[in-house]
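Data block for structure-v4.cif (mmCIF, C-alpha atoms):
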data_structure
loop_
_atom_site.group_PDB
_atom_site.id
_atom_site.type_symbol
_atom_site.label_atom_id
_atom_site.label_comp_id
_atom_site.auth_asym_id
_atom_site.auth_seq_id
_atom_site.Cartn_x
_atom_site.Cartn_y
_atom_site.Cartn_z
ATOM 1 C CA MET A 2 15.711 -24.361 -24.730
ATOM 2 C CA ARG A 3 12.064 -25.353 -25.150
ATOM 3 C CA LEU A 4 11.971 -26.589 -21.572
ATOM 4 C CA ILE A 5 13.223 -23.238 -20.284
ATOM 5 C CA LEU A 6 10.697 -21.369 -22.403
ATOM 6 C CA ALA A 7 7.859 -23.627 -21.214
ATOM 7 C CA ALA A 8 8.873 -23.176 -17.574
ATOM 8 C CA ALA A 9 9.009 -19.394 -17.994
ATOM 9 C CA LEU A 10 5.584 -19.357 -19.626
ATOM 10 C CA ILE A 11 4.021 -21.498 -16.909
ATOM 11 C CA GLY A 12 5.654 -19.406 -14.190
ATOM 12 C CA GLY A 13 4.371 -16.214 -15.786
ATOM 13 C CA LEU A 14 0.852 -17.556 -16.074
ATOM 14 C CA SER A 15 0.740 -18.725 -12.466
ATOM 15 C CA PHE A 16 2.050 -15.335 -11.318
ATOM 16 C CA ALA A 17 -0.645 -13.557 -13.323
ATOM 17 C CA ALA A 18 -3.343 -15.810 -11.895
ATOM 18 C CA ALA A 19 -2.171 -15.013 -8.367
ATOM 19 C CA GLY A 20 -3.461 -11.449 -8.495
ATOM 20 C CA ASP A 21 -1.968 -8.053 -7.828
ATOM 21 C CA TYR A 22 -1.963 -7.202 -4.130
ATOM 22 C CA GLN A 23 -1.780 -3.450 -4.831
ATOM 23 C CA LYS A 24 -4.922 -3.606 -6.968
ATOM 24 C CA GLY A 25 -6.498 -5.744 -4.233
ATOM 25 C CA GLU A 26 -5.702 -3.100 -1.643
ATOM 26 C CA ARG A 27 -7.321 -0.428 -3.820
ATOM 27 C CA LEU A 28 -10.339 -2.697 -4.328
ATOM 28 C CA PHE A 29 -10.699 -3.194 -0.577
ATOM 29 C CA TYR A 30 -10.524 0.504 0.203
ATOM 30 C CA SER A 31 -12.706 1.628 -2.695
ATOM 31 C CA ARG A 32 -15.512 -0.903 -2.279
ATOM 32 C CA LEU A 33 -15.416 -2.449 1.193
ATOM 33 C CA ALA A 34 -13.613 -0.376 3.810
ATOM 34 C CA ASP A 35 -16.260 2.278 4.475
ATOM 35 C CA ALA A 36 -19.091 -0.227 4.931
ATOM 36 C CA MET A 37 -16.928 -2.506 7.071
ATOM 37 C CA ALA A 38 -15.366 0.316 9.088
ATOM 38 C CA ILE A 39 -12.069 -1.546 9.333
ATOM 39 C CA ASN A 40 -8.540 -1.110 8.073
ATOM 40 C CA GLY A 41 -7.650 -3.568 5.302
ATOM 41 C CA ALA A 42 -4.566 -4.918 7.048
ATOM 42 C CA ASP A 43 -6.542 -5.462 10.256
ATOM 43 C CA PHE A 44 -9.275 -7.263 8.306
ATOM 44 C CA ALA A 45 -6.700 -9.480 6.585
ATOM 45 C CA PHE A 46 -4.960 -10.260 9.882
ATOM 46 C CA LYS A 47 -8.116 -11.962 11.189
ATOM 47 C CA ARG A 48 -7.240 -15.124 9.219
ATOM 48 C CA ALA A 49 -4.269 -17.206 8.146
ATOM 49 C CA SER A 50 -3.301 -17.550 4.487
ATOM 50 C CA ALA A 51 -4.853 -21.021 4.176
ATOM 51 C CA GLU A 52 -8.155 -19.713 5.555
ATOM 52 C CA TRP A 53 -8.211 -16.935 2.948
ATOM 53 C CA GLU A 54 -7.364 -19.469 0.229
ATOM 54 C CA LYS A 55 -10.346 -21.596 1.262
ATOM 55 C CA LEU A 56 -12.745 -18.630 1.302
ATOM 56 C CA PHE A 57 -11.739 -17.651 -2.224
ATOM 57 C CA GLU A 58 -12.316 -21.097 -3.753
ATOM 58 C CA ASN A 59 -15.096 -21.434 -6.354
ATOM 59 C CA ARG A 60 -15.002 -17.798 -7.445
ATOM 60 C CA GLY A 61 -14.990 -16.564 -3.863
ATOM 61 C CA GLU A 62 -18.229 -18.188 -2.745
ATOM 62 C CA GLY A 63 -17.084 -18.464 0.880
ATOM 63 C CA PHE A 64 -15.845 -14.886 1.000
ATOM 64 C CA ILE A 65 -19.043 -13.563 -0.571
ATOM 65 C CA ALA A 66 -21.222 -15.587 1.824
ATOM 66 C CA GLU A 67 -19.351 -14.425 4.931
ATOM 67 C CA VAL A 68 -19.146 -10.771 3.955
ATOM 68 C CA ALA A 69 -22.801 -10.694 2.833
ATOM 69 C CA ALA A 70 -23.884 -12.229 6.144
ATOM 70 C CA ALA A 71 -21.853 -9.782 8.225
ATOM 71 C CA TYR A 72 -22.483 -6.731 6.017
ATOM 72 C CA PRO A 73 -25.808 -7.167 4.159
ATOM 73 C CA LYS A 74 -25.523 -3.743 2.498
ATOM 74 C CA LEU A 75 -22.420 -4.956 0.645
ATOM 75 C CA LYS A 76 -24.124 -7.958 -0.960
ATOM 76 C CA PRO A 77 -25.126 -6.175 -4.195
ATOM 77 C CA ALA A 78 -21.602 -4.827 -4.676
ATOM 78 C CA ILE A 79 -19.727 -8.048 -3.948
ATOM 79 C CA THR A 80 -21.934 -10.239 -6.116
ATOM 80 C CA LYS A 81 -21.364 -8.138 -9.253
ATOM 81 C CA GLU A 82 -19.378 -9.868 -11.969
ATOM 82 C CA SER A 83 -16.884 -6.986 -12.050
ATOM 83 C CA PHE A 84 -16.102 -7.510 -8.350
ATOM 84 C CA ILE A 85 -15.830 -11.279 -8.753
ATOM 85 C CA ARG A 86 -13.485 -10.794 -11.704
ATOM 86 C CA ASP A 87 -11.196 -8.662 -9.493
ATOM 87 C CA MET A 88 -11.258 -11.068 -6.538
ATOM 88 C CA PRO A 89 -7.824 -12.611 -7.284
ATOM 89 C CA ASP A 90 -6.350 -9.179 -6.567
ATOM 90 C CA LEU A 91 -8.263 -8.877 -3.290
ATOM 91 C CA LYS A 92 -7.205 -12.407 -2.376
ATOM 92 C CA ALA A 93 -3.550 -11.503 -3.001
ATOM 93 C CA PHE A 94 -3.859 -8.453 -0.724
ATOM 94 C CA LEU A 95 -5.544 -10.399 2.075
ATOM 95 C CA ILE A 96 -3.076 -13.287 1.922
ATOM 96 C CA LEU A 97 -0.111 -10.916 1.930
ATOM 97 C CA ASN A 98 -1.426 -9.341 5.140
ATOM 98 C CA ALA A 99 -2.784 -12.519 6.752
ATOM 99 C CA LYS A 100 -1.710 -13.644 10.234
ATOM 100 C CA ASP A 101 0.999 -15.801 8.721
ATOM 101 C CA GLY A 102 1.543 -13.591 5.656
ATOM 102 C CA ARG A 103 4.718 -11.755 4.819
ATOM 103 C CA GLY A 104 3.255 -8.275 4.514
ATOM 104 C CA PHE A 105 4.014 -7.079 8.029
ATOM 105 C CA SER A 106 4.416 -8.278 11.564
ATOM 106 C CA TYR A 107 3.191 -6.943 14.864
ATOM 107 C CA ASP A 108 6.426 -8.261 16.415
ATOM 108 C CA ASP A 109 9.538 -6.149 16.650
ATOM 109 C CA ASN A 110 11.690 -9.196 15.854
#
Starting from the file, lay out its structure as structure tokens.
Amino acid sequence: MRLILAAALIGGLSFAAAGDYQKGERLFYSRLADAMAINGADFAFKRASAEWEKLFENRGEGFIAEVAAAYPKLKPAITKESFIRDMPDLKAFLILNAKDGRGFSYDDN
């Protein structure tokens, strides 16, 4: 019984740490989309899941560096602690819609 409870607790914690893709989508559209002038799904589709994972390592340092370089006006917004705190949600949204994600497909198959 303890083993089942421990497994459920660990599974729940890892799910929570993964982020909420719906909140990530709202974060993208509320804070990034206008400045980037791109649809969130199209932005996510530029990379594979593993590439997004790498960019979000170390509190999103790679993501912040790339976005700040491409969109300098966004740097103050994406370096705020509140944005960094919500990055797991954004990561979940981008991975879901990545090239190899399961969010959608451009194929009809």
Counting all atoms listed in the file, the residue of A:Met88, A:Ala78, A:Ile39, A:Ala45 that sits nearest Glu62 of chain A:
A:Met88
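Take atom CA of Gly41 of chain A and atom CA of Leu95 of chain A: the distance between them is 7.8 Å.
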For Lys76 of chain A, the closest of A:Leu33, A:Ala19, A:Ala99, A:Leu56 counting only C-alpha atoms is A:Leu33
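Pairwise distance (atom CA of Lys100 of chain A, atom CA of Phe46 of chain A) equals 4.7 Å.
The list of residues with at least one atom within 9 Å of Pro89 of chain A, based on only C-alpha atoms and without residues fewer than 4 positions apart in the same chain, reads Ala18, Ala19, Gly20, Asp21, Tyr22, Gly25, Phe57, Arg60, Gly61, Ile85, Ala93 and Phe94 of chain A.
With atom CA of Ala70 of chain A on one side and atom CA of Arg103 of chain A on the other, the separation reads 28.6 Å.
By chain and then residue number, the residues within 8 Å of Ile96 of chain A are Ala45, Ala49, Ser50, Trp53, Glu54 and Gly102 of chain A, counting only C-alpha atoms and disregarding those fewer than 6 positions away in sequence.
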For Pro77 of chain A, list every protein, DNA or RNA residue within 12 Å, evaluated using only C-alpha atoms, and leave out those in the same chain fewer than 6 positions away; present the list as a ChimeraX atom specification.
/A:32-33,65-66,68-69,83-85
Quick one: axis-aligned box around all listed atoms of segment 63-80 of chain A, 3 Å on every side, centre and edge lengths in Å to one decimal, written as AutoDock Vina command-line options.
--center_x -20.8 --center_y -11.1 --center_z 1.1 --size_x 16.0 --size_y 20.7 --size_z 20.3
From the coordinates I just gave you, please extract segment 42-91 of chain A so that only N, CA and C atoms remain, then output it as a PDB file, in the first residue's frame.
ATOM      1  N   ALA A  42       1.246  28.333 -32.137  1.00  0.00           N
ATOM      2  CA  ALA A  42       1.483  26.993 -32.683  1.00  0.00           C
ATOM      3  C   ALA A  42       2.562  27.031 -33.759  1.00  0.00           C
ATOM      4  N   ASP A  43       2.565  28.073 -34.579  1.00  0.00           N
ATOM      5  CA  ASP A  43       3.601  28.211 -35.603  1.00  0.00           C
ATOM      6  C   ASP A  43       4.975  28.425 -34.961  1.00  0.00           C
ATOM      7  N   PHE A  44       5.017  29.214 -33.902  1.00  0.00           N
ATOM      8  CA  PHE A  44       6.276  29.447 -33.190  1.00  0.00           C
ATOM      9  C   PHE A  44       6.779  28.129 -32.593  1.00  0.00           C
ATOM     10  N   ALA A  45       5.898  27.378 -31.982  1.00  0.00           N
ATOM     11  CA  ALA A  45       6.283  26.107 -31.357  1.00  0.00           C
ATOM     12  C   ALA A  45       6.768  25.106 -32.391  1.00  0.00           C
ATOM     13  N   PHE A  46       6.162  25.120 -33.577  1.00  0.00           N
ATOM     14  CA  PHE A  46       6.474  24.156 -34.623  1.00  0.00           C
ATOM     15  C   PHE A  46       7.860  24.363 -35.227  1.00  0.00           C
ATOM     16  N   LYS A  47       8.528  25.452 -34.879  1.00  0.00           N
ATOM     17  CA  LYS A  47       9.871  25.713 -35.399  1.00  0.00           C
ATOM     18  C   LYS A  47      10.914  24.749 -34.837  1.00  0.00           C
ATOM     19  N   ARG A  48      10.602  24.093 -33.718  1.00  0.00           N
ATOM     20  CA  ARG A  48      11.566  23.219 -33.041  1.00  0.00           C
ATOM     21  C   ARG A  48      10.918  21.895 -32.650  1.00  0.00           C
ATOM     22  N   ALA A  49      11.782  20.907 -32.422  1.00  0.00           N
ATOM     23  CA  ALA A  49      11.346  19.619 -31.900  1.00  0.00           C
ATOM     24  C   ALA A  49      11.286  19.697 -30.375  1.00  0.00           C
ATOM     25  N   SER A  50      10.611  18.744 -29.778  1.00  0.00           N
ATOM     26  CA  SER A  50      10.441  18.720 -28.319  1.00  0.00           C
ATOM     27  C   SER A  50      11.775  18.791 -27.580  1.00  0.00           C
ATOM     28  N   ALA A  51      12.750  18.011 -28.023  1.00  0.00           N
ATOM     29  CA  ALA A  51      14.059  17.987 -27.357  1.00  0.00           C
ATOM     30  C   ALA A  51      14.745  19.356 -27.430  1.00  0.00           C
ATOM     31  N   GLU A  52      14.549  20.064 -28.526  1.00  0.00           N
ATOM     32  CA  GLU A  52      15.140  21.403 -28.655  1.00  0.00           C
ATOM     33  C   GLU A  52      14.505  22.362 -27.657  1.00  0.00           C
ATOM     34  N   TRP A  53      13.171  22.272 -27.496  1.00  0.00           N
ATOM     35  CA  TRP A  53      12.500  23.118 -26.510  1.00  0.00           C
ATOM     36  C   TRP A  53      12.970  22.763 -25.106  1.00  0.00           C
ATOM     37  N   GLU A  54      13.101  21.469 -24.823  1.00  0.00           N
ATOM     38  CA  GLU A  54      13.580  21.029 -23.509  1.00  0.00           C
ATOM     39  C   GLU A  54      14.928  21.675 -23.200  1.00  0.00           C
ATOM     40  N   LYS A  55      15.823  21.646 -24.152  1.00  0.00           N
ATOM     41  CA  LYS A  55      17.170  22.206 -23.964  1.00  0.00           C
ATOM     42  C   LYS A  55      17.104  23.711 -23.704  1.00  0.00           C
ATOM     43  N   LEU A  56      16.286  24.426 -24.448  1.00  0.00           N
ATOM     44  CA  LEU A  56      16.175  25.877 -24.269  1.00  0.00           C
ATOM     45  C   LEU A  56      15.625  26.259 -22.898  1.00  0.00           C
ATOM     46  N   PHE A  57      14.831  25.388 -22.307  1.00  0.00           N
ATOM     47  CA  PHE A  57      14.212  25.710 -21.026  1.00  0.00           C
ATOM     48  C   PHE A  57      15.010  25.202 -19.819  1.00  0.00           C
ATOM     49  N   GLU A  58      16.190  24.640 -20.055  1.00  0.00           N
ATOM     50  CA  GLU A  58      17.042  24.226 -18.945  1.00  0.00           C
ATOM     51  C   GLU A  58      17.536  25.467 -18.199  1.00  0.00           C
ATOM     52  N   ASN A  59      17.912  25.277 -16.936  1.00  0.00           N
ATOM     53  CA  ASN A  59      18.460  26.362 -16.111  1.00  0.00           C
ATOM     54  C   ASN A  59      17.550  27.589 -16.080  1.00  0.00           C
ATOM     55  N   ARG A  60      16.292  27.334 -15.718  1.00  0.00           N
ATOM     56  CA  ARG A  60      15.307  28.415 -15.603  1.00  0.00           C
ATOM     57  C   ARG A  60      15.101  29.170 -16.923  1.00  0.00           C
ATOM     58  N   GLY A  61      15.216  28.452 -18.019  1.00  0.00           N
ATOM     59  CA  GLY A  61      14.924  29.030 -19.321  1.00  0.00           C
ATOM     60  C   GLY A  61      15.969  29.957 -19.881  1.00  0.00           C
ATOM     61  N   GLU A  62      17.215  29.798 -19.449  1.00  0.00           N
ATOM     62  CA  GLU A  62      18.273  30.705 -19.918  1.00  0.00           C
ATOM     63  C   GLU A  62      18.393  30.742 -21.431  1.00  0.00           C
ATOM     64  N   GLY A  63      18.337  29.569 -22.076  1.00  0.00           N
ATOM     65  CA  GLY A  63      18.458  29.521 -23.535  1.00  0.00           C
ATOM     66  C   GLY A  63      17.286  30.195 -24.222  1.00  0.00           C
ATOM     67  N   PHE A  64      16.092  29.956 -23.732  1.00  0.00           N
ATOM     68  CA  PHE A  64      14.901  30.577 -24.302  1.00  0.00           C
ATOM     69  C   PHE A  64      14.978  32.095 -24.155  1.00  0.00           C
ATOM     70  N   ILE A  65      15.308  32.548 -22.964  1.00  0.00           N
ATOM     71  CA  ILE A  65      15.406  33.989 -22.704  1.00  0.00           C
ATOM     72  C   ILE A  65      16.457  34.624 -23.615  1.00  0.00           C
ATOM     73  N   ALA A  66      17.617  33.985 -23.740  1.00  0.00           N
ATOM     74  CA  ALA A  66      18.687  34.537 -24.580  1.00  0.00           C
ATOM     75  C   ALA A  66      18.262  34.639 -26.039  1.00  0.00           C
ATOM     76  N   GLU A  67      17.626  33.589 -26.564  1.00  0.00           N
ATOM     77  CA  GLU A  67      17.215  33.606 -27.967  1.00  0.00           C
ATOM     78  C   GLU A  67      16.108  34.620 -28.237  1.00  0.00           C
ATOM     79  N   VAL A  68      15.113  34.647 -27.372  1.00  0.00           N
ATOM     80  CA  VAL A  68      14.002  35.576 -27.583  1.00  0.00           C
ATOM     81  C   VAL A  68      14.485  37.016 -27.417  1.00  0.00           C
ATOM     82  N   ALA A  69      15.319  37.271 -26.422  1.00  0.00           N
ATOM     83  CA  ALA A  69      15.844  38.628 -26.201  1.00  0.00           C
ATOM     84  C   ALA A  69      16.698  39.093 -27.381  1.00  0.00           C
ATOM     85  N   ALA A  70      17.437  38.179 -27.984  1.00  0.00           N
ATOM     86  CA  ALA A  70      18.261  38.542 -29.140  1.00  0.00           C
ATOM     87  C   ALA A  70      17.395  38.854 -30.366  1.00  0.00           C
ATOM     88  N   ALA A  71      16.360  38.059 -30.565  1.00  0.00           N
ATOM     89  CA  ALA A  71      15.493  38.250 -31.727  1.00  0.00           C
ATOM     90  C   ALA A  71      14.479  39.371 -31.538  1.00  0.00           C
ATOM     91  N   TYR A  72      14.057  39.586 -30.288  1.00  0.00           N
ATOM     92  CA  TYR A  72      13.032  40.582 -29.971  1.00  0.00           C
ATOM     93  C   TYR A  72      13.490  41.399 -28.758  1.00  0.00           C
ATOM     94  N   PRO A  73      14.401  42.336 -28.939  1.00  0.00           N
ATOM     95  CA  PRO A  73      14.969  43.087 -27.811  1.00  0.00           C
ATOM     96  C   PRO A  73      13.929  43.786 -26.935  1.00  0.00           C
ATOM     97  N   LYS A  74      12.811  44.196 -27.517  1.00  0.00           N
ATOM     98  CA  LYS A  74      11.778  44.876 -26.723  1.00  0.00           C
ATOM     99  C   LYS A  74      11.139  43.953 -25.692  1.00  0.00           C
ATOM    100  N   LEU A  75      11.241  42.643 -25.888  1.00  0.00           N
ATOM    101  CA  LEU A  75      10.654  41.689 -24.958  1.00  0.00           C
ATOM    102  C   LEU A  75      11.557  41.376 -23.760  1.00  0.00           C
ATOM    103  N   LYS A  76      12.819  41.760 -23.837  1.00  0.00           N
ATOM    104  CA  LYS A  76      13.761  41.383 -22.781  1.00  0.00           C
ATOM    105  C   LYS A  76      13.286  41.768 -21.382  1.00  0.00           C
ATOM    106  N   PRO A  77      12.807  42.991 -21.148  1.00  0.00           N
ATOM    107  CA  PRO A  77      12.353  43.311 -19.789  1.00  0.00           C
ATOM    108  C   PRO A  77      11.211  42.413 -19.308  1.00  0.00           C
ATOM    109  N   ALA A  78      10.324  42.055 -20.184  1.00  0.00           N
ATOM    110  CA  ALA A  78       9.171  41.228 -19.801  1.00  0.00           C
ATOM    111  C   ALA A  78       9.570  39.785 -19.518  1.00  0.00           C
ATOM    112  N   ILE A  79      10.471  39.234 -20.322  1.00  0.00           N
ATOM    113  CA  ILE A  79      10.801  37.819 -20.172  1.00  0.00           C
ATOM    114  C   ILE A  79      11.863  37.557 -19.111  1.00  0.00           C
ATOM    115  N   THR A  80      12.470  38.593 -18.595  1.00  0.00           N
ATOM    116  CA  THR A  80      13.452  38.406 -17.525  1.00  0.00           C
ATOM    117  C   THR A  80      12.855  38.672 -16.149  1.00  0.00           C
ATOM    118  N   LYS A  81      11.579  39.037 -16.095  1.00  0.00           N
ATOM    119  CA  LYS A  81      10.905  39.233 -14.804  1.00  0.00           C
ATOM    120  C   LYS A  81      10.730  37.892 -14.106  1.00  0.00           C
ATOM    121  N   GLU A  82      10.834  37.909 -12.805  1.00  0.00           N
ATOM    122  CA  GLU A  82      10.687  36.681 -12.020  1.00  0.00           C
ATOM    123  C   GLU A  82       9.312  36.053 -12.227  1.00  0.00           C
ATOM    124  N   SER A  83       8.278  36.864 -12.378  1.00  0.00           N
ATOM    125  CA  SER A  83       6.935  36.315 -12.581  1.00  0.00           C
ATOM    126  C   SER A  83       6.847  35.533 -13.892  1.00  0.00           C
ATOM    127  N   PHE A  84       7.524  35.999 -14.930  1.00  0.00           N
ATOM    128  CA  PHE A  84       7.539  35.283 -16.206  1.00  0.00           C
ATOM    129  C   PHE A  84       8.332  33.988 -16.068  1.00  0.00           C
ATOM    130  N   ILE A  85       9.487  34.072 -15.434  1.00  0.00           N
ATOM    131  CA  ILE A  85      10.334  32.891 -15.251  1.00  0.00           C
ATOM    132  C   ILE A  85       9.602  31.834 -14.427  1.00  0.00           C
ATOM    133  N   ARG A  86       8.863  32.258 -13.435  1.00  0.00           N
ATOM    134  CA  ARG A  86       8.096  31.332 -12.604  1.00  0.00           C
ATOM    135  C   ARG A  86       7.046  30.589 -13.444  1.00  0.00           C
ATOM    136  N   ASP A  87       6.494  31.250 -14.452  1.00  0.00           N
ATOM    137  CA  ASP A  87       5.454  30.644 -15.291  1.00  0.00           C
ATOM    138  C   ASP A  87       6.009  29.899 -16.512  1.00  0.00           C
ATOM    139  N   MET A  88       7.324  29.866 -16.654  1.00  0.00           N
ATOM    140  CA  MET A  88       7.923  29.230 -17.827  1.00  0.00           C
ATOM    141  C   MET A  88       7.618  27.740 -17.980  1.00  0.00           C
ATOM    142  N   PRO A  89       7.441  26.960 -16.911  1.00  0.00           N
ATOM    143  CA  PRO A  89       7.063  25.556 -17.127  1.00  0.00           C
ATOM    144  C   PRO A  89       5.752  25.406 -17.914  1.00  0.00           C
ATOM    145  N   ASP A  90       4.841  26.344 -17.723  1.00  0.00           N
ATOM    146  CA  ASP A  90       3.591  26.320 -18.477  1.00  0.00           C
ATOM    147  C   ASP A  90       3.845  26.628 -19.952  1.00  0.00           C
ATOM    148  N   LEU A  91       4.663  27.629 -20.218  1.00  0.00           N
ATOM    149  CA  LEU A  91       5.006  27.974 -21.599  1.00  0.00           C
ATOM    150  C   LEU A  91       5.734  26.816 -22.262  1.00  0.00           C
TER     151      LEU A  91
END
